[in-house]
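The data block below is structure-v7.cif; it holds mmCIF, C-alpha atoms.
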data_final
#
loop_
_atom_site.group_PDB
_atom_site.id
_atom_site.type_symbol
_atom_site.label_atom_id
_atom_site.label_comp_id
_atom_site.auth_asym_id
_atom_site.auth_seq_id
_atom_site.Cartn_x
_atom_site.Cartn_y
_atom_site.Cartn_z
ATOM 1 C CA ILE Z 1 23.532 -71.448 23.249
ATOM 2 C CA VAL Z 2 22.203 -70.473 19.845
ATOM 3 C CA VAL Z 3 23.941 -68.253 17.290
ATOM 4 C CA PHE Z 4 21.571 -66.635 14.807
ATOM 5 C CA THR Z 5 22.657 -66.161 11.201
ATOM 6 C CA GLY Z 6 22.011 -62.412 11.531
ATOM 7 C CA LEU Z 7 24.954 -62.225 13.914
ATOM 8 C CA LEU Z 8 27.153 -64.077 11.435
ATOM 9 C CA LYS Z 9 26.369 -61.492 8.743
ATOM 10 C CA HIS Z 10 27.875 -58.733 10.887
ATOM 11 C CA PHE Z 11 30.539 -60.736 12.704
ATOM 12 C CA PRO Z 12 31.813 -63.546 10.474
ATOM 13 C CA SER Z 13 35.251 -64.223 11.982
ATOM 14 C CA ASP Z 14 36.003 -67.042 14.410
ATOM 15 C CA GLU Z 15 37.263 -64.480 16.963
ATOM 16 C CA ASP Z 16 33.954 -62.598 16.763
ATOM 17 C CA ILE Z 17 31.945 -65.751 17.409
ATOM 18 C CA ALA Z 18 34.381 -66.788 20.164
ATOM 19 C CA THR Z 19 33.734 -63.427 21.836
ATOM 20 C CA VAL Z 20 29.965 -63.926 21.765
ATOM 21 C CA LEU Z 21 30.111 -67.584 22.836
ATOM 22 C CA GLY Z 22 32.652 -66.832 25.571
ATOM 23 C CA HIS Z 23 30.335 -64.129 26.918
ATOM 24 C CA GLU Z 24 27.298 -66.433 26.909
ATOM 25 C CA VAL Z 25 29.191 -69.329 28.509
ATOM 26 C CA ALA Z 26 30.440 -66.857 31.120
ATOM 27 C CA HIS Z 27 26.834 -66.211 32.176
ATOM 28 C CA VAL Z 28 26.548 -69.941 32.903
ATOM 29 C CA VAL Z 29 29.908 -70.135 34.692
ATOM 30 C CA ALA Z 30 28.957 -67.150 36.874
ATOM 31 C CA ARG Z 31 25.518 -68.665 37.563
ATOM 32 C CA HIS Z 32 23.761 -65.446 36.571
ATOM 33 C CA THR Z 33 20.389 -67.115 36.054
ATOM 34 C CA ALA Z 34 20.342 -68.440 39.621
ATOM 35 C CA GLU Z 35 21.556 -65.096 40.938
ATOM 36 C CA GLN Z 36 18.853 -63.270 39.010
ATOM 37 C CA LEU Z 37 16.117 -65.605 40.250
ATOM 38 C CA THR Z 38 17.214 -65.187 43.859
ATOM 39 C CA ARG Z 39 17.400 -61.423 43.524
ATOM 40 C CA SER Z 40 14.002 -61.264 41.793
ATOM 41 C CA LEU Z 41 12.360 -63.161 44.635
ATOM 42 C CA GLY Z 42 13.889 -60.798 47.180
ATOM 43 C CA LEU Z 43 12.855 -57.729 45.213
ATOM 44 C CA ALA Z 44 9.320 -59.044 44.797
ATOM 45 C CA LEU Z 45 9.059 -59.440 48.558
ATOM 46 C CA VAL Z 46 10.329 -55.894 49.144
ATOM 47 C CA GLU Z 47 7.911 -54.566 46.508
ATOM 48 C CA LEU Z 48 4.996 -56.349 48.212
ATOM 49 C CA ILE Z 49 5.915 -54.902 51.601
ATOM 50 C CA ILE Z 50 6.121 -51.385 50.154
ATOM 51 C CA LEU Z 51 2.786 -51.896 48.377
ATOM 52 C CA MET Z 52 1.156 -52.675 51.743
ATOM 53 C CA PHE Z 53 1.930 -49.112 52.890
ATOM 54 C CA PHE Z 54 2.059 -47.160 49.650
ATOM 55 C CA TYR Z 55 -0.177 -48.461 46.892
ATOM 56 C CA ALA Z 56 1.349 -47.222 43.657
ATOM 57 C CA PRO Z 57 2.254 -50.385 41.741
ATOM 58 C CA ASP Z 58 3.396 -48.672 38.534
ATOM 59 C CA LEU Z 59 5.660 -46.255 40.383
ATOM 60 C CA ILE Z 60 7.129 -48.971 42.629
ATOM 61 C CA TYR Z 61 7.741 -51.307 39.685
ATOM 62 C CA THR Z 62 9.364 -48.538 37.627
ATOM 63 C CA LEU Z 63 11.623 -47.387 40.461
ATOM 64 C CA SER Z 64 12.549 -50.961 41.323
ATOM 65 C CA ASN Z 65 13.421 -51.630 37.710
ATOM 66 C CA LEU Z 66 15.447 -48.436 37.180
ATOM 67 C CA LEU Z 67 17.244 -48.388 40.521
ATOM 68 C CA LEU Z 68 17.755 -52.082 41.250
ATOM 69 C CA LYS Z 69 17.076 -54.528 38.429
ATOM 70 C CA LEU Z 70 18.731 -52.770 35.487
ATOM 71 C CA PRO Z 71 21.951 -51.842 37.316
ATOM 72 C CA PHE Z 72 22.366 -55.460 38.484
ATOM 73 C CA SER Z 73 21.711 -56.684 34.951
ATOM 74 C CA ARG Z 74 24.387 -54.349 33.563
ATOM 75 C CA ARG Z 75 26.818 -55.520 36.261
ATOM 76 C CA MET Z 76 26.221 -59.133 35.241
ATOM 77 C CA GLU Z 77 26.876 -58.247 31.607
ATOM 78 C CA LEU Z 78 30.194 -56.616 32.508
ATOM 79 C CA GLU Z 79 31.121 -59.652 34.594
ATOM 80 C CA ALA Z 80 30.269 -61.940 31.658
ATOM 81 C CA ASP Z 81 32.427 -59.748 29.392
ATOM 82 C CA HIS Z 82 35.345 -60.185 31.798
ATOM 83 C CA ILE Z 83 34.980 -63.948 32.195
ATOM 84 C CA GLY Z 84 34.198 -64.415 28.503
ATOM 85 C CA LEU Z 85 37.405 -62.609 27.553
ATOM 86 C CA LEU Z 86 39.402 -65.080 29.649
ATOM 87 C CA LEU Z 87 37.506 -68.060 28.224
ATOM 88 C CA MET Z 88 38.065 -67.034 24.614
ATOM 89 C CA ALA Z 89 41.756 -66.429 25.322
ATOM 90 C CA ALA Z 90 42.064 -69.887 26.890
ATOM 91 C CA ALA Z 91 40.454 -71.361 23.777
ATOM 92 C CA GLY Z 92 43.165 -69.735 21.649
ATOM 93 C CA TYR Z 93 41.264 -66.724 20.284
ATOM 94 C CA ASP Z 94 42.793 -63.247 20.336
ATOM 95 C CA PRO Z 95 41.017 -61.287 23.116
ATOM 96 C CA ARG Z 96 41.883 -57.912 21.533
ATOM 97 C CA VAL Z 97 38.946 -58.450 19.166
ATOM 98 C CA ALA Z 98 36.329 -58.312 21.940
ATOM 99 C CA PRO Z 99 36.236 -54.575 22.812
ATOM 100 C CA SER Z 100 35.526 -53.457 19.253
ATOM 101 C CA LEU Z 101 32.886 -56.177 18.831
ATOM 102 C CA TYR Z 102 30.916 -54.829 21.807
ATOM 103 C CA GLU Z 103 31.189 -51.298 20.423
ATOM 104 C CA GLN Z 104 29.936 -52.475 17.019
ATOM 105 C CA LEU Z 105 27.056 -54.420 18.605
ATOM 106 C CA TRP Z 106 25.895 -51.269 20.385
ATOM 107 C CA LYS Z 107 26.054 -49.267 17.145
ATOM 108 C CA LEU Z 108 24.024 -51.938 15.359
ATOM 109 C CA SER Z 109 21.357 -51.727 18.065
ATOM 110 C CA GLY Z 110 20.767 -48.080 17.140
ATOM 111 C CA VAL Z 111 20.261 -47.105 20.779
ATOM 112 C CA PRO Z 112 21.656 -43.644 21.580
ATOM 113 C CA GLU Z 113 24.353 -43.556 24.272
ATOM 114 C CA ILE Z 114 22.106 -41.496 26.603
ATOM 115 C CA PHE Z 115 19.652 -44.413 26.883
ATOM 116 C CA GLN Z 116 22.229 -46.837 28.288
ATOM 117 C CA TYR Z 117 20.743 -46.376 31.772
ATOM 118 C CA LEU Z 118 17.425 -47.755 30.551
ATOM 119 C CA ALA Z 119 19.046 -50.795 28.922
ATOM 120 C CA THR Z 120 19.796 -54.250 30.288
ATOM 121 C CA HIS Z 121 23.315 -54.072 28.804
ATOM 122 C CA PRO Z 122 25.941 -51.365 29.306
ATOM 123 C CA SER Z 123 26.789 -49.304 26.246
ATOM 124 C CA GLY Z 124 29.276 -50.792 23.811
ATOM 125 C CA LYS Z 125 31.574 -47.868 24.468
ATOM 126 C CA LYS Z 126 31.637 -48.601 28.199
ATOM 127 C CA ARG Z 127 32.109 -52.325 27.614
ATOM 128 C CA GLY Z 128 34.953 -51.746 25.170
ATOM 129 C CA GLU Z 129 36.688 -49.280 27.479
ATOM 130 C CA LYS Z 130 36.384 -51.585 30.482
ATOM 131 C CA LEU Z 131 37.952 -54.481 28.598
ATOM 132 C CA ARG Z 132 40.736 -52.431 27.015
ATOM 133 C CA ASN Z 133 41.737 -50.454 30.095
ATOM 134 C CA THR Z 134 41.899 -53.083 32.768
ATOM 135 C CA ALA Z 135 44.210 -55.767 34.005
ATOM 136 C CA THR Z 136 41.669 -58.152 32.490
ATOM 137 C CA MET Z 137 43.053 -57.618 28.995
ATOM 138 C CA GLU Z 138 46.612 -58.138 30.220
ATOM 139 C CA LYS Z 139 45.574 -61.361 31.930
ATOM 140 C CA ALA Z 140 43.650 -62.485 28.845
ATOM 141 C CA LEU Z 141 46.665 -61.798 26.628
ATOM 142 C CA ARG Z 142 48.897 -63.852 28.940
ATOM 143 C CA ILE Z 143 46.396 -66.725 28.799
ATOM 144 C CA TYR Z 144 46.084 -66.364 25.014
ATOM 145 C CA ARG Z 145 49.845 -66.509 24.534
ATOM 146 C CA GLN Z 146 50.048 -69.603 26.746
ATOM 147 C CA SER Z 147 47.216 -71.234 24.844
ATOM 148 C CA VAL Z 148 48.709 -70.520 21.428
ATOM 149 C CA ALA Z 149 52.110 -71.768 22.616
ATOM 150 C CA GLY Z 150 50.482 -75.008 23.757
ATOM 151 C CA GLY Z 151 51.056 -74.374 27.448
ATOM 152 C CA ALA Z 152 48.800 -75.586 30.221
ATOM 153 C CA ILE Z 153 46.326 -73.071 31.620
ATOM 154 C CA GLU Z 154 44.980 -73.831 35.060
ATOM 155 C CA GLY Z 155 42.683 -71.961 37.404
ATOM 156 C CA PHE Z 156 42.443 -68.711 35.482
ATOM 157 C CA LEU Z 157 38.876 -68.023 36.602
#
Could you render the structure from this file as structure tokens?
Amino acid sequence: IVVFTGLLKHFPSDEDIATVLGHEVAHVVARHTAEQLTRSLGLALVELIILMFFYAPDLIYTLSNLLLKLPFSRRMELEADHIGLLLMAAAGYDPRVAPSLYEQLWKLSGVPEIFQYLATHPSGKKRGEKLRNTATMEKALRIYRQSVAGGAIEGFL
């Protein structure tokens, strides 16, 4: 995992970096790369079968991307947000920082909210809301309090 200095200019606190690192480690824990490779192979096979009967490669690729690949990518990002929140809490970083970081990241990208369906990541607004308004934050806060108090944390994933 690499952290570029450009990120540090916008998010200099330890909690900010813990949010980003927790999210990236969560992709590894959830085995998203393997899942994506498996899914891509399956989709390629389906695309080839469709192409045998209906030769419109640009249309098939575009529809496959919009209807299948991007939604799965956004789901993986939300899953990594969830797991990353728990990881950062277990490491002793306040998870309440994470929702606003994702909202700020989206604003920095300059992508209008309407284009979220064409993006690989959900909008920062959606990510922030999901983390704030779920049992995930409550669980992360419990883990954080245990971690800060020096208590053992087992099997939280």
message = As a check of understanding, name the residues that the PyMOL selection byres ((chain Z and resi 83-93) around 6) selects in the supplied structure, as a list in words.
response = Glu15, Ala18, Gly22, His23, Ala26, Ala80, Asp81, His82, Asp94, Pro95, Ala140, Ile143, Tyr144, Ser147 and Val148 of chain Z
Limited to C-alpha atoms, could you put the picked residues into a file as a PDB file, in the coordinates of the input?
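Writing the result to selection.pdb gives the following:
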ATOM      1  CA  GLU Z  15      37.263 -64.480  16.963  1.00  0.00           C
ATOM      2  CA  ALA Z  18      34.381 -66.788  20.164  1.00  0.00           C
ATOM      3  CA  GLY Z  22      32.652 -66.832  25.571  1.00  0.00           C
ATOM      4  CA  HIS Z  23      30.335 -64.129  26.918  1.00  0.00           C
ATOM      5  CA  ALA Z  26      30.440 -66.857  31.120  1.00  0.00           C
ATOM      6  CA  ALA Z  80      30.269 -61.940  31.658  1.00  0.00           C
ATOM      7  CA  ASP Z  81      32.427 -59.748  29.392  1.00  0.00           C
ATOM      8  CA  HIS Z  82      35.345 -60.185  31.798  1.00  0.00           C
ATOM      9  CA  ASP Z  94      42.793 -63.247  20.336  1.00  0.00           C
ATOM     10  CA  PRO Z  95      41.017 -61.287  23.116  1.00  0.00           C
ATOM     11  CA  ALA Z 140      43.650 -62.485  28.845  1.00  0.00           C
ATOM     12  CA  ILE Z 143      46.396 -66.725  28.799  1.00  0.00           C
ATOM     13  CA  TYR Z 144      46.084 -66.364  25.014  1.00  0.00           C
ATOM     14  CA  SER Z 147      47.216 -71.234  24.844  1.00  0.00           C
ATOM     15  CA  VAL Z 148      48.709 -70.520  21.428  1.00  0.00           C
TER      16      VAL Z 148
END
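Between Phe72 in chain Z and the residues Z:Ser13, Z:Ser109, Z:Thr120, Z:Ser100, the shortest atom-to-atom distance, using all atoms listed in the file, involves Z:Thr120.
Note on the selection: in this file the PyMOL selection byres ((chain Z and resi 38-43) around 12) comes out as Z:Arg31, Z:His32, Z:Thr33, Z:Ala34, Z:Glu35, Z:Gln36, Z:Leu37, Z:Ala44, Z:Leu45, Z:Val46, Z:Glu47, Z:Leu48, Z:Ile49, Z:Ile50, Z:Ile60, Z:Tyr61, Z:Leu63, Z:Ser64, Z:Asn65, Z:Leu67, Z:Leu68, Z:Lys69, Z:Leu70, Z:Phe72, Z:Ser73.
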ask   = Using all atoms listed in the file, which of Z:Thr62, Z:Asn133, Z:Thr19, Z:Gln146 sits nearest Leu118 in chain Z?
value =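 Of the candidates, the smallest distance to Leu118 in chain Z is held by Z:Thr62.
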message = Please list, as a VMD selection string, the residues that have an atom at most 12 Å away from (28.0, -54.1, 21.6) in the coordinates of this file, counting only C-alpha atoms.
response = chain Z and resid 7 10 to 11 16 19 to 20 23 77 to 78 81 98 to 111 113 116 120 to 129
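Here the question is which of Z:Glu24, Z:Glu138, Z:Glu79, Z:Asp58 gets nearest to Ile1 in chain Z using all atoms listed in the file, and that residue is Z:Glu24.
Between CA of Tyr117 in chain Z and CA of Arg132 in chain Z there is a distance of 21.4 Å.
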task = Provide the CA of Phe115 in chain Z to CA of Leu66 in chain Z distance in Å, to one decimal place.
result = 11.8 Å
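From CA of Met76 in chain Z back to CA of Val28 in chain Z, the distance works out to 11.1 Å.
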